[in-house]
Amino acid sequence: MNISLTTGKSISVAKGESILNALKRHEIYLVSSCGGKGTCGKCRVRILDGKYKTTVTGKLSQSDRDKGIVLACQTFPEQDIAIEILEGSKLVVGDKIALAKSKDLSELFKSLDGEIALVVKRLELELPPPTIEDHISDLERLKRELDIRGIKGMRFSHGFLSSMSDAMRNYDWKINLAYVDGPEAIFVSAGKDIARCGLAVDIGTTTIVIYIIDLSDGKLIDVGSTYNSQIRYGDDVITRIIYATESNGLNELREAVVEDINSLIETVLEKHHIQRECIESAVIAGNTTMSHIFWGLDPKHIREEPYIPTANFFPMWRAGTAKLYINNQAPVYTLPCVASYVGGDIVSGMLASKMHRNPEIALFMDIGTNGEIAVGNKEWLITAACSAGPCFEGSGIKHGMRATEGAIEAIKIDPKTFEPSLSVIGNTTPTGICGSGMIDAISEMFLTGVVDQKGKFVREIKTDRLREGDEGFEYVFYKGNKDIVLTEVDIENIMRAKAAVYAGISLLIKEVGFGLESIERIYIAGGFGNYLNVDKAIILGMIPDLPKEKFRFLGNASITGTYLCLLSEKLRKEAEEIAKKMTYMELSVSRNFMDEYMSALFLPHTNIGLFPSVEKLLK
Ligand code: FES
């Protein structure tokens, strides 16, 4: 059987196979936030012709169904069919995405008194070429030279030996030996004027960022960023872990992320005329699931109680093992993780924030695809993951989307007319609403009386912006070809996410015997690291009501931390200290967490006294 597409393309579909899967097999990817379970309603296609079987879900309205719209993951062709992939359903990955605010990295490096101490050491050697008289083997020749220089006990891997002899001859026996602590020889390059570069990677569940660094002086040569193509298999780590357990799932996920990284590397190297062999070391940071998948380690135990990962501290494997497009022998350092749901990206970000060095009590939050928080100072650190879910990235929200062109990112509502004014990324026609837009929307609706303290629409208000839709009441932000709305169910999901974040913060700080007022500094990193409106997030009740001057935005702190680790042995050690020192708290089994969470399921909170600035505004 075949599926014909409006583009003229035709693809095969097996009996009993869903349209979503058939498309995926042919490398046509739809937005499938729930991983194909029929619960996100994002994989919409219209059937133009042919017989099929479909499961009816509440995710489609009657009018959608009348138009022949179905969910691709729940629809199974029974003969040749023709379909149209709807606007907004096609997944666009590999787009260039806006990069987090780029800091002055070398200033930061200096402020951490980091001295450049690279993983790879170099030794310039001039070997006497072999002759009939001096006929010892190439390896013995190298060892003899090392002996003369007093270097003992060097180890030589099979990988090293297989390329050593050719390299020695190519460079006319004037070589540069690269080795790592052990000592272990890793590769041979030309004797003089070698370019030495490094790669830093932040593997986010949603986005990937790379830095290519000149290791001689720590200068940033260039950056690259893209969406993580694993999004094809689901938005959050749980759907990815489930996919990894399917037949070839782990491999597919691994290949997807490595291909993303490699294509970024290739673009940057080509632009700057850098040979891949010159990238002599790499550092990666990701959450625990991303780090496991990157190394091809099965993440399945991460989601099974008692939630134990295969490794938190990873050995320094080689780039060839990871299939990275850099020098095959380059050592790859992985930022250590703390637990199944607090990974190396958080450790990396905390290193960049310097909170582990200061006496003041600081809160570090990374609200991206999930929500991780840490509280502490130079004496102690405590951390938790608060299962906020990926709704601020658009998942599970009817018209939710990531912060890309077309996303409503800021909203004001007129308190008299209830008419909204929108600011849209790229100043174009809105196609959805992103995380910061959602926070704005709910806090504005709350302040203007469109929703009550429970996040329910106040039915009595007089405006045609409020209407009853297929999923209950909804507020229409934009009227057009495709109306953009926020439903009561959406608001409920966002409130759950914000309650989880607030409850997590509140519980962590209580756990160490302090109150929220003792937090002297708040670092915001990750997806919201650049554009979270603090006032609105306080009105929503997502973050504590603390003075604005306490907040610091770090942008993508995880990639900053990988940069630091690439350059400095001392800072790699510090990252390991952070990971070891952090006490992990499992919130899902804490009764107190449930109490805190329930109290936070209001706008801004059941105890308005905790939010004095909001109380004042309401008055
Ligand atoms: S509803 Fe089809 S992928 Fe989520």
# chains A, B, ... in the order shown; residues from 1 in each chain; ligands from 1
call {"tool": "residues_around", "arguments": {"residues": "range 123-139 of chain A", "least_positions_apart": "6", "cutoff": "6 Å", "atoms": "only C-alpha atoms", "output": "VMD selection string"}}
result
chain A and resid 173 to 177 191
call {"tool": "write_last_selection", "arguments": {"atoms": "C-alpha atoms", "output": "JSON list (two decimals), in the first residue's frame"}}
result
[["chain", "number", "residue", "atom", "x", "y", "z"],
["A", 173, "TRP", "CA", 59.85, 11.85, 11.49],
["A", 174, "LYS", "CA", 59.39, 15.33, 12.97],
["A", 175, "ILE", "CA", 56.30, 14.61, 14.95],
["A", 176, "ASN", "CA", 54.11, 15.97, 17.66],
["A", 177, "LEU", "CA", 52.97, 13.25, 20.03],
["A", 191, "GLY", "CA", 55.76, 18.56, 14.50]]
call {"tool": "residues_near_ligand", "arguments": {"ligand": "ligand 1", "cutoff": "7 Å", "atoms": "only C-alpha atoms and all ligand atoms", "output": "VMD selection string"}}
result
chain A and resid 31 to 43 71 to 74
call {"tool": "residues_around", "arguments": {"residues": "range 588-600 of chain A", "least_positions_apart": "3", "cutoff": "9 Å", "atoms": "only C-alpha atoms", "output": "JSON, numbers by chain"}}
result
{"A": [386, 387, 495, 496, 498, 499, 500, 501, 502, 503, 504, 506, 507, 541, 542, 585, 603, 604, 605, 606, 607]}
call {"tool": "select_by_dssp", "arguments": {"residues": "range 385-524 of chain A", "states": "helix (DSSP H, G or I)", "output": "NGL selection string"}}
result
:A and (389-393 or 435-447 or 488-511 or 516-518)
call {"tool": "atom_distance", "arguments": {"atom1": "CA of Gly16 in chain A", "atom2": "CA of Ile231 in chain A"}}
result
23.9 Å
call {"tool": "residues_around", "arguments": {"residues": "Ser216 in chain A", "least_positions_apart": "6", "cutoff": "10 Å", "atoms": "only C-alpha atoms", "output": "list of chain:residue names"}}
result
A:Ile116, A:Leu118, A:Ala195, A:Arg196, A:Cys197, A:Gly198, A:Leu567
call {"tool": "write_last_selection", "arguments": {"atoms": "N, CA and C atoms", "output": "tab-separated table (two decimals), in the first residue's frame"}}
result
chain	number	residue	atom	x	y	z
A	116	ILE	N	44.86	27.69	31.81
A	116	ILE	CA	44.63	26.70	30.76
A	116	ILE	C	45.45	25.44	31.07
A	118	LEU	N	45.10	21.67	29.59
A	118	LEU	CA	44.30	20.87	28.66
A	118	LEU	C	44.39	19.37	28.99
A	195	ALA	N	47.43	23.49	14.71
A	195	ALA	CA	46.27	24.18	15.27
A	195	ALA	C	45.69	23.25	16.32
A	196	ARG	N	45.41	23.78	17.49
A	196	ARG	CA	44.84	22.96	18.56
A	196	ARG	C	43.46	23.52	18.92
A	197	CYS	N	42.43	22.73	18.61
A	197	CYS	CA	41.08	23.22	18.87
A	197	CYS	C	40.31	22.21	19.72
A	198	GLY	N	39.28	22.71	20.35
A	198	GLY	CA	38.44	21.86	21.19
A	198	GLY	C	36.97	22.07	20.88
A	567	LEU	N	38.93	23.86	29.06
A	567	LEU	CA	40.21	24.56	29.20
A	567	LEU	C	40.96	24.25	30.48
call {"tool": "select_by_dssp", "arguments": {"residues": "range 312-528 of chain A", "states": "strand (DSSP E or B)", "output": "number ranges by chain"}}
result
A: 317-318, 331-334, 339, 342, 362-367, 371-376, 381-385, 400, 407-413, 420-424, 432-433, 451, 457, 466-469, 472-478, 484-487, 521-525
call {"tool": "atom_distance", "arguments": {"atom1": "CA of His272 in chain A", "atom2": "CA of Val257 in chain A"}}
result
23.1 Å
call {"tool": "residues_around", "arguments": {"residues": "Ser157 in chain A", "least_positions_apart": "3", "cutoff": "8 Å", "atoms": "only C-alpha atoms", "output": "count of residues only"}}
result
5
call {"tool": "residues_around", "arguments": {"residues": "range 274-288 of chain A", "least_positions_apart": "6", "cutoff": "8 Å", "atoms": "only C-alpha atoms", "output": "ChimeraX atom specification"}}
result
/A:119-120,194-205,309,312,319,325-335,337,339-346,348,558-559,562-563,565-566
call {"tool": "residues_around", "arguments": {"residues": "Ile382 in chain A", "least_positions_apart": "5", "cutoff": "6 Å", "atoms": "only C-alpha atoms", "output": "PyMOL selection string"}}
result
chain A and resi 374-375+582-584
call {"tool": "atom_distance", "arguments": {"atom1": "CA of Glu460 in chain A", "atom2": "CA of Pro430 in chain A"}}
result
27.8 Å
call {"tool": "closest_residue", "arguments": {"among": "A:Ile413, A:Leu146, A:Leu48, A:Met316", "to": "Lys67 in chain A", "atoms": "only C-alpha atoms"}}
result
A:Leu48
